[in-house]
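Q: My questions all concern the structure below.
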Amino acid sequence: MSLSSPLPPRRGLRAWLTSDTPASRFQARLGRYYATWRALSSNPLTLLGLAILLALVLVAAFAPWLAPFAPNDQDLANRLAPMGGLHPLGTDQLGRDILSRLLYGSRVTLAIIVLVAVISAPIGLAVGTIAGYFGGWVAAVLMRVTDIFMAFPRLILALAFVAVLGPGIDNAVIAIAITAWPPYARIARAETLTFRNADFVRASIVEGAGHWRILMTQIVPLCLGSMIVRVTLDMAGVILIAAGLGFLGLGAQPPTAEWGAMISTGRDYMLDQWWVAAMPGIAILLVSLAFNLLGDGLRDALDPRKRRS
Amino acid sequence: MPARFLRRLISFALTLALTLFGLLAVTFVIARVVPIDPVIALVGDKAPADVYAAARAHLGLDLPLWQQFIIYLRDVLSGNLGSSSTTGNPVLSDIAHTFPATLELATYAIIVGIGLGIPLGVAAAVWQGRWPDHLIRVVSLFGYSVPVFWLGLVALLVFYARLDWVGGPGRLDIAYDYIVEPWSGLLTVDAAAAGEWDVFWNAVSHLVLPVALLAYFSMAYIGRMTRSFMIDELGKEYITTARVKGASEARVIWRHALGNAAVPLITVVALSYAYLLEGAVLTETVFAWPGLGSYITQALFDADMAAVLGGTLVVGASFVALNIFSELVYAWLDPRARMK
Amino acid sequence: MAQDTLLEVDGLTVRFPSVHGPIEAVRDISFAMGREKIAIVGESGSGKSMTARAILDLIRPPGERIARSIRLDGTDLTRLSPRQMRQVRGGRITMVMQDPKYSLNPTMSVGAQLYENWLIHVGKPKRLSRAAGQKAVLEMLEAVQINDPPRVARSFPHELSGGMGQRVMIAMMLIPQPELMIADEPTSALDVTVQMEVLKLMDGLVARNGMGLLFISHDLPLVSRFCDRVLIMYRGRIVEECRADRLHEAQHPYTQGLLSCLPSYAQRGHPLATLSRDAGWEVAP
Ligand SMILES: Nc1ncnc2c1ncn2[C@@H]1O[C@H](COP(=O)(O)OP(=O)(O)OP(=O)(O)O)[C@@H](O)[C@H]1O
Ligand SMILES: [Mg+2]
């Protein structure tokens, strides 16, 4: 394709990155990242999603400096204040500044996302690659367990777990993670099955590499791409479930500023002070939307079939 | 051929049995790790040791775990889910009273979701890159991103409190309560059967908002999947054959392409219905809808474990039932699956 | 030949937009044929299928068809409304496609697919009964030498072998008794053993119904035995037209090149020749 294109010869870093004949493995890898980044950044919606998430991280990190008030400072004389003025997004029923609570709430949201991803993705990856690589009765058992967990409605299962473990953020995280891994296991297994009999795996076996070594160095890295896409897309759902648990009063406990719980308290004032419940909802919507946008973009960028067209 | 079909049936039945067994195992484990001591709940924490031990033996808690599990299995299979500590009724009869409310909500929602989602998805596939395509993308993106309970609150605020177009929370206005004898538990059906049209229309006005809300989510999901299945099918060679035959474009799209896209769509619809049953938990809380979702959440707060687990089990079992259903319809729609 | 011209294509171009500017898959080709067997041969990508699809007005947007005229028995197909064109498609011109595994609808029974074609072109216009249609379907299956037509009519495409599938396809396309049949590599997906059977069958049916046949292939020896005349396509153009039995006398260097690439007993032991292309070939002689 580039052979016949009348472009002038390329020079510099970009040419090095986009070279068809990389001289080293390092160059090839960087080149691949660059190609992915190019594909990602060509879609403005993906960039928007990325920007929102970046903002989320920054806000979470700098919440104490960004927030005009402490999240739990009560100003009882100024309860349910409307938007504008001293409190840009108004105050809640205890006179707490909604903007500040939203900014601090981003920490809770971020923590939940990261913890769920860190717990559930490795579980799913392990179950799926092991089932896919070894096959036979190992796969039968593992995938049956996966199917059973898939058969449960996610939110209800999380509810049941929280009921047992007691309400609270940590338990909510555990409950969500327990319900989140099965789809990852399925994906990892499907991916593994496509490489299991590939020549490079055979070659490693011939070279005498052990099963674990092959799993860790050959199979797992190849599964990562589709896992990242799936986890990213899933995080939107995780945020919604976490917020749902918070809304039901089973997630973060008061007075923690958590967006779902904030909607729940704002609910009683919906008729006249709509912003108390509306603002946290918009925050949830934004972050979850960002994950969906980024996930869609990643899928397009990492899916080789789409990249070629 | 019949032998193969039989094998398939047996393996399918085995899968189901295993899944149900797994479901029960999970609920059983949950019930046993629960920090609430059911004995104390029964006899109080000041009971003497011998009374405590007797109550414990009565509940079967002194037996080894596997025996307890078998007893649990036997109970559940004979329809005994224990009794609710709050309502005092058998959990099963509580669920029999609340489940129809959820079913009514989810069923109307899925009907609307299919009715809008499939045509929208087809239009998006046929006019790729044009406005129906963009519409379905925006609709589904929003649907995947918005918290359902929040959207429900906003909808209540706008359409009930401000505009007063629809009925508010609950299934009926108080004035219409207890007029219709429940028979199916689906209020619209019962009211229509009894000829109580006032009740019927009141029930409809209360249904509109939660149904619209849930239907939106299933429409987003079904529409998006329809779109991608239809794009796949429309690119296939048999579509060209249909055009070569001189079939009208409408026939090519709706009979040929959708006829084939319907096969994978069945699974999507079943899944979407299952999600609705689940989504009902949060929606019911917002709309004070006396369904299974409200029952489970209420039981959660009352630490009524028998009720929570019974409800969980019923929702899980509905998932399994939907699975069976979609498998059967799949085999009916796809001649290739009939043989394998 | 002039008075019994069946199809006359004049200045047909098929164009697809692309990022590098428009691609012309077919470039300004013209040819005429009577009720005879005419072949289009050429390498992969030379535009054979696109020519066939353009005649049937089946180029999907963003591709476009441009033609001065495409006359079938005097009617200019380019001037027909989409509705009128649908009457022509499948009714007066039909097309048998390459692989019955993909070109038959997998979820419709064979009988239903044949019946659909009958209904569109025979049943509806003539207001015939359903029973008449079912009878016509079975007769047609019989005519393509299928044993036990009722059973095959009830079966689904995945239950048929390749040869059977192509017979079904031919039966389906013959139901409205078309004047022209296009066959786009109808045997290349089939086993060698059934290829000849299907070809013979098609040959007989074409002769019996007095149809014209536009046969697309890249098999030169086959074409020279089976057809009356041959059109050679190269890069979207017809570069040569000759009688099938005179193919070895072809003038154009591309045709000669193609012929010399065929393995033959006389050249056993020598490496097979390959085509070395020449930019001048694209210009019509
Ligand atoms: N949708 C499209 N967009 C752009 N170009 C296309 C499209 N479809 C076909 N083409 C181009 O049209 C040209 C002719 O294709 P065609 O299918 O007619 O070839 P063919 O002669 O039938 O080859 P084969 O022997 O492989 O069937 C090809 O070179 C192809 O690149
Ligand atoms: Mg072709």
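Quick note on naming: the chains in the structure tokens go A, B, ... in the order shown, residues restart at 1 in each chain, and ligands are numbered from 1 in order of appearance.
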Any idea what's packed within 12 Å of Ala63 in chain A, counting only C-alpha atoms, ignoring anything in its chain fewer than 2 positions away? Could you give it as number ranges by chain?

A: A: 55-61, 65-71, 99-108

Q: Deliver the residues from the most recent selection as a file, using N, CA and C atoms, as a CSV table (one decimal), in the first residue's frame.

A:
```
chain,number,residue,atom,x,y,z
A,55,ALA,N,-9.5,13.4,33.8
A,55,ALA,CA,-10.0,14.4,34.7
A,55,ALA,C,-10.4,13.8,36.0
A,56,LEU,N,-11.0,12.6,35.9
A,56,LEU,CA,-11.5,11.9,37.1
A,56,LEU,C,-10.3,11.6,38.0
A,57,VAL,N,-9.2,11.1,37.4
A,57,VAL,CA,-8.0,10.8,38.2
A,57,VAL,C,-7.4,12.0,38.8
A,58,LEU,N,-7.4,13.1,38.1
A,58,LEU,CA,-6.8,14.3,38.6
A,58,LEU,C,-7.6,14.9,39.7
A,59,VAL,N,-9.0,14.8,39.5
A,59,VAL,CA,-9.9,15.4,40.5
A,59,VAL,C,-9.7,14.5,41.8
A,60,ALA,N,-9.6,13.2,41.6
A,60,ALA,CA,-9.5,12.4,42.8
A,60,ALA,C,-8.2,12.7,43.6
A,61,ALA,N,-7.1,12.9,42.8
A,61,ALA,CA,-5.9,13.1,43.4
A,61,ALA,C,-5.8,14.5,44.1
A,65,TRP,N,-7.6,20.1,47.3
A,65,TRP,CA,-7.2,21.5,46.8
A,65,TRP,C,-8.3,22.1,45.9
A,66,LEU,N,-9.0,21.2,45.2
A,66,LEU,CA,-10.0,21.7,44.3
A,66,LEU,C,-11.3,22.0,45.0
A,67,ALA,N,-11.7,21.2,46.0
A,67,ALA,CA,-13.0,21.4,46.7
A,67,ALA,C,-13.0,22.7,47.5
A,68,PRO,N,-14.0,23.5,47.4
A,68,PRO,CA,-14.1,24.7,48.1
A,68,PRO,C,-14.4,24.4,49.6
A,69,PHE,N,-15.0,23.3,50.0
A,69,PHE,CA,-15.3,23.0,51.4
A,69,PHE,C,-14.8,21.5,51.7
A,70,ALA,N,-14.8,21.2,52.9
A,70,ALA,CA,-14.5,19.8,53.3
A,70,ALA,C,-15.8,19.1,53.0
A,71,PRO,N,-15.8,17.8,52.6
A,71,PRO,CA,-17.0,17.1,52.2
A,71,PRO,C,-18.0,16.9,53.2
A,99,LEU,N,-20.8,20.3,45.5
A,99,LEU,CA,-19.6,20.2,44.6
A,99,LEU,C,-18.5,19.5,45.3
A,100,SER,N,-18.2,19.9,46.5
A,100,SER,CA,-17.1,19.3,47.3
A,100,SER,C,-17.3,17.8,47.5
A,101,ARG,N,-18.6,17.5,47.8
A,101,ARG,CA,-18.9,16.1,48.0
A,101,ARG,C,-18.7,15.3,46.7
A,102,LEU,N,-19.1,15.9,45.6
A,102,LEU,CA,-18.9,15.2,44.3
A,102,LEU,C,-17.4,15.0,44.0
A,103,LEU,N,-16.6,16.1,44.3
A,103,LEU,CA,-15.1,15.9,44.0
A,103,LEU,C,-14.5,14.9,44.9
A,104,TYR,N,-14.9,14.8,46.2
A,104,TYR,CA,-14.3,13.8,47.0
A,104,TYR,C,-14.9,12.4,46.7
A,105,GLY,N,-16.2,12.4,46.2
A,105,GLY,CA,-16.8,11.2,45.8
A,105,GLY,C,-16.0,10.5,44.7
A,106,SER,N,-15.3,11.3,43.8
A,106,SER,CA,-14.6,10.7,42.7
A,106,SER,C,-13.6,9.7,43.3
A,107,ARG,N,-13.1,9.9,44.5
A,107,ARG,CA,-12.1,9.0,45.1
A,107,ARG,C,-12.7,7.7,45.3
A,108,VAL,N,-13.9,7.7,45.9
A,108,VAL,CA,-14.6,6.4,46.2
A,108,VAL,C,-14.8,5.7,44.9
```

Q: What are the closest atom pairs, with distances in Å to one decimal, for each residue of chain C lying within 6 Å of ligand 1, using only C-alpha atoms and all ligand atoms, rows by chain and rising residue number, as CSV?

A:
```
residue,atom,partner,partner_atom_place_in_ligand_line,distance
C:Phe16,CA,ligand 1,4 (C),4.9
C:Ala25,CA,ligand 1,12 (O),4.1
C:Glu43,CA,ligand 1,25 (O),5.7
C:Ser44,CA,ligand 1,25 (O),3.5
C:Gly45,CA,ligand 1,19 (O),3.4
C:Ser46,CA,ligand 1,21 (O),4.0
C:Gly47,CA,ligand 1,18 (O),3.1
C:Lys48,CA,ligand 1,21 (O),3.8
C:Ser49,CA,ligand 1,22 (O),3.7
C:Met50,CA,ligand 1,18 (O),3.7
```

Q: Would you give me, as an NGL selection string, the residues of chain C that come within 12 Å of chain A, using only C-alpha atoms?

A: :C and (18-20)

Q: Can you spit out the residues from that selection as a short mmCIF file (atom, residue, chain, number, x, y, z; two decimals), in the first residue's frame, using all heavy atoms?

A:
```
data_model
loop_
_atom_site.label_atom_id
_atom_site.label_comp_id
_atom_site.auth_asym_id
_atom_site.auth_seq_id
_atom_site.Cartn_x
_atom_site.Cartn_y
_atom_site.Cartn_z
N SER C 18 -13.03 5.40 -3.53
CA SER C 18 -12.07 4.91 -2.54
C SER C 18 -11.24 6.09 -2.08
O SER C 18 -11.32 7.17 -2.66
CB SER C 18 -11.18 3.83 -3.13
OG SER C 18 -10.06 4.41 -3.77
N VAL C 19 -10.45 5.89 -1.06
CA VAL C 19 -9.66 7.00 -0.53
C VAL C 19 -8.65 7.50 -1.56
O VAL C 19 -8.24 8.64 -1.52
CB VAL C 19 -8.93 6.60 0.77
CG1 VAL C 19 -9.87 6.68 1.95
CG2 VAL C 19 -8.30 5.24 0.65
N HIS C 20 -8.27 6.63 -2.48
CA HIS C 20 -7.29 7.04 -3.50
C HIS C 20 -7.98 7.49 -4.77
O HIS C 20 -7.40 7.43 -5.85
CB HIS C 20 -6.34 5.89 -3.82
CG HIS C 20 -5.72 5.28 -2.61
ND1 HIS C 20 -4.83 5.97 -1.82
CD2 HIS C 20 -5.88 4.07 -2.03
CE1 HIS C 20 -4.47 5.19 -0.81
NE2 HIS C 20 -5.10 4.05 -0.92
#
```

Q: With 8 Å as the limit and counting only C-alpha atoms, what residues in chain B lie close to chain C? Please list them as an MDAnalysis selection string.

A: chainID B and resid 236:241 243:248 256 259:260 333:336

Q: Could you dump the residues just selected with C-alpha atoms as a compact mmCIF listing (two decimals), in the first residue's frame?

A:
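New file again21.txt:
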```txt
# COMPACT_ATOMS: atom_id res chain seq x y z
CA LYS B 236 -24.06 -12.47 2.74
CA GLU B 237 -24.44 -14.06 -0.66
CA TYR B 238 -27.96 -15.42 -0.21
CA ILE B 239 -29.15 -11.83 0.05
CA THR B 240 -27.82 -11.24 -3.46
CA THR B 241 -29.66 -14.38 -4.53
CA ARG B 243 -32.29 -9.76 -5.09
CA VAL B 244 -31.47 -11.74 -8.22
CA LYS B 245 -34.82 -13.44 -7.81
CA GLY B 246 -36.48 -10.04 -8.00
CA ALA B 247 -37.68 -10.02 -4.39
CA SER B 248 -38.71 -6.57 -3.18
CA HIS B 256 -34.48 -13.04 4.30
CA GLY B 259 -35.24 -14.28 9.25
CA ASN B 260 -31.62 -15.27 9.71
CA LEU B 333 -35.68 -21.15 14.16
CA ASP B 334 -32.42 -22.61 12.96
CA PRO B 335 -32.75 -25.80 10.90
CA ARG B 336 -29.06 -26.47 11.43
```

Q: Which residues of chain A come within 7 Å of chain B, and for each one, what is the closest pair of atoms and their distance in Å to one decimal, counting only C-alpha atoms, sorted by chain and residue number, as JSON lines?

A:
```
{"residue": "A:Ile148", "atom": "CA", "partner": "B:Thr19", "partner_atom": "CA", "distance": 5.1}
{"residue": "A:Ala151", "atom": "CA", "partner": "B:Phe319", "partner_atom": "CA", "distance": 6.2}
{"residue": "A:Phe152", "atom": "CA", "partner": "B:Gly316", "partner_atom": "CA", "distance": 5.1}
{"residue": "A:Pro153", "atom": "CA", "partner": "B:Glu278", "partner_atom": "CA", "distance": 6.3}
{"residue": "A:Leu155", "atom": "CA", "partner": "B:Glu278", "partner_atom": "CA", "distance": 6.8}
{"residue": "A:Ile156", "atom": "CA", "partner": "B:Thr312", "partner_atom": "CA", "distance": 6.3}
{"residue": "A:Ala160", "atom": "CA", "partner": "B:Val308", "partner_atom": "CA", "distance": 6.8}
{"residue": "A:Ala163", "atom": "CA", "partner": "B:Leu300", "partner_atom": "CA", "distance": 6.0}
{"residue": "A:Val164", "atom": "CA", "partner": "B:Val34", "partner_atom": "CA", "distance": 4.9}
{"residue": "A:Ala236", "atom": "CA", "partner": "B:Ser145", "partner_atom": "CA", "distance": 6.4}
{"residue": "A:Leu240", "atom": "CA", "partner": "B:Pro147", "partner_atom": "CA", "distance": 5.7}
{"residue": "A:Met270", "atom": "CA", "partner": "B:Leu157", "partner_atom": "CA", "distance": 6.9}
{"residue": "A:Leu271", "atom": "CA", "partner": "B:Leu157", "partner_atom": "CA", "distance": 6.4}
{"residue": "A:Gly281", "atom": "CA", "partner": "B:Trp150", "partner_atom": "CA", "distance": 6.0}
{"residue": "A:Leu285", "atom": "CA", "partner": "B:Val146", "partner_atom": "CA", "distance": 4.9}
{"residue": "A:Ser288", "atom": "CA", "partner": "B:Ser145", "partner_atom": "CA", "distance": 5.0}
{"residue": "A:Leu289", "atom": "CA", "partner": "B:Ser145", "partner_atom": "CA", "distance": 4.9}
```

Q: Would you export the selected residues with C-alpha atoms as a short mmCIF file (atom, residue, chain, number, x, y, z; two decimals), in the first residue's frame, please?

A:
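Written out: result.cif:
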```
data_model
loop_
_atom_site.label_atom_id
_atom_site.label_comp_id
_atom_site.auth_asym_id
_atom_site.auth_seq_id
_atom_site.Cartn_x
_atom_site.Cartn_y
_atom_site.Cartn_z
CA ILE A 148 -23.07 -21.11 37.22
CA ALA A 151 -26.43 -17.79 35.46
CA PHE A 152 -26.87 -15.52 38.46
CA PRO A 153 -28.13 -12.04 37.86
CA LEU A 155 -26.83 -7.22 40.89
CA ILE A 156 -28.87 -9.75 42.83
CA ALA A 160 -26.85 -11.44 48.39
CA ALA A 163 -26.28 -9.10 52.73
CA VAL A 164 -23.93 -11.72 54.12
CA ALA A 236 -19.11 1.33 33.11
CA LEU A 240 -23.52 1.57 37.82
CA MET A 270 -36.43 15.74 44.58
CA LEU A 271 -39.58 17.81 44.23
CA GLY A 281 -26.42 11.29 38.78
CA LEU A 285 -23.41 9.24 33.90
CA SER A 288 -19.67 5.62 32.99
CA LEU A 289 -20.08 7.21 29.56
#
```

Q: List the spatial neighbours of Phe200 in chain B as JSON, numbers by chain - criterion: any atom at most 7 Å away, only C-alpha atoms, same-chain residues fewer than 5 positions off excluded.

A: {"B": [188, 191, 192]}

Q: For Leu298 in chain A, please output as number ranges by chain all residues within 9 Å (counting only C-alpha atoms; exclusion window: fewer than 5 positions along the same chain).

A: A: 36, 39-40, 46, 228-229, 232, 293, 303

Q: If you run DSSP on this backbone, which residues of range 91-178 of chain C come out as alpha helix (DSSP H), and could you give them as a PyMOL selection string?

A: chain C and resi 100-103+110-118+124-126+130-143+149-154+162-174

Q: Quick one: write out the picked residues with C-alpha atoms as a tab-separated table (two decimals), in the first residue's frame?

A:
```tsv
chain	number	residue	atom	x	y	z
C	100	PRO	CA	-24.62	-22.97	-3.21
C	101	LYS	CA	-23.38	-23.23	0.37
C	102	TYR	CA	-23.56	-19.45	0.62
C	103	SER	CA	-26.04	-18.48	-2.06
C	110	VAL	CA	-35.47	-25.52	-0.52
C	111	GLY	CA	-39.12	-25.73	-1.52
C	112	ALA	CA	-39.92	-22.36	0.05
C	113	GLN	CA	-37.04	-20.72	-1.80
C	114	LEU	CA	-38.16	-22.09	-5.14
C	115	TYR	CA	-41.76	-21.26	-4.38
C	116	GLU	CA	-40.80	-17.67	-3.59
C	117	ASN	CA	-39.35	-17.25	-7.06
C	118	TRP	CA	-42.39	-18.85	-8.65
C	124	LYS	CA	-48.72	-13.46	-8.54
C	125	PRO	CA	-48.84	-12.02	-12.07
C	126	LYS	CA	-51.01	-14.91	-13.29
C	130	ARG	CA	-50.65	-22.31	-4.19
C	131	ALA	CA	-51.05	-25.90	-5.32
C	132	ALA	CA	-50.00	-24.95	-8.83
C	133	GLY	CA	-46.87	-23.39	-7.40
C	134	GLN	CA	-45.99	-26.44	-5.39
C	135	LYS	CA	-46.47	-28.56	-8.46
C	136	ALA	CA	-44.21	-26.27	-10.48
C	137	VAL	CA	-41.53	-26.47	-7.79
C	138	LEU	CA	-41.52	-30.27	-7.81
C	139	GLU	CA	-41.49	-30.40	-11.61
C	140	MET	CA	-38.55	-28.06	-11.73
C	141	LEU	CA	-36.61	-30.12	-9.22
C	142	GLU	CA	-37.38	-33.14	-11.35
C	143	ALA	CA	-36.11	-31.31	-14.42
C	149	PRO	CA	-38.15	-33.99	-5.28
C	150	PRO	CA	-40.68	-33.86	-2.41
C	151	ARG	CA	-38.01	-34.83	0.09
C	152	VAL	CA	-35.50	-32.34	-1.28
C	153	ALA	CA	-38.14	-29.61	-1.27
C	154	ARG	CA	-38.63	-30.16	2.44
C	162	GLY	CA	-22.61	-29.15	-3.35
C	163	GLY	CA	-23.80	-30.68	-6.61
C	164	MET	CA	-27.34	-30.97	-5.32
C	165	GLY	CA	-27.24	-27.40	-4.05
C	166	GLN	CA	-26.19	-26.10	-7.44
C	167	ARG	CA	-28.95	-28.11	-9.13
C	168	VAL	CA	-31.43	-26.55	-6.72
C	169	MET	CA	-30.01	-23.14	-7.52
C	170	ILE	CA	-30.38	-23.79	-11.25
C	171	ALA	CA	-33.92	-25.06	-10.75
C	172	MET	CA	-34.78	-21.95	-8.77
C	173	MET	CA	-33.42	-19.68	-11.47
C	174	LEU	CA	-35.21	-21.54	-14.26
```

Q: So what do you get for CA of Pro82 in chain A versus CA of Val276 in chain A, distance-wise?

A: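 Distance between the two atoms: 9.0 Å.
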
Q: Quick one: pull the distance between CA of Ile219 in chain A and CA of Pro182 in chain A, Å, one decimal.

A: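 Separating CA of Ile219 in chain A from CA of Pro182 in chain A is a distance of 18.4 Å.
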
Q: Could you name the residues that touch Val268 in chain B at 10 Å or less, counting only C-alpha atoms, but leaving out those on the same chain fewer than 5 positions away, as a list of chain:residue names?

A: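 These residues fall inside the cut-off: B:Ser218, B:Tyr221, B:Ile222, B:Met225, B:Thr226, B:Ala262, B:Val263, B:Tyr273, B:Ala274, B:Ser326.
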
Q: What are the DSSP strand (DSSP E or B) residues of range 6-255 of chain C, as a PyMOL selection string?

A: chain C and resi 7-16+23-33+37-41+64-66+69-72+75-76+89+93-96+180-184+212-217+229-234+237-243
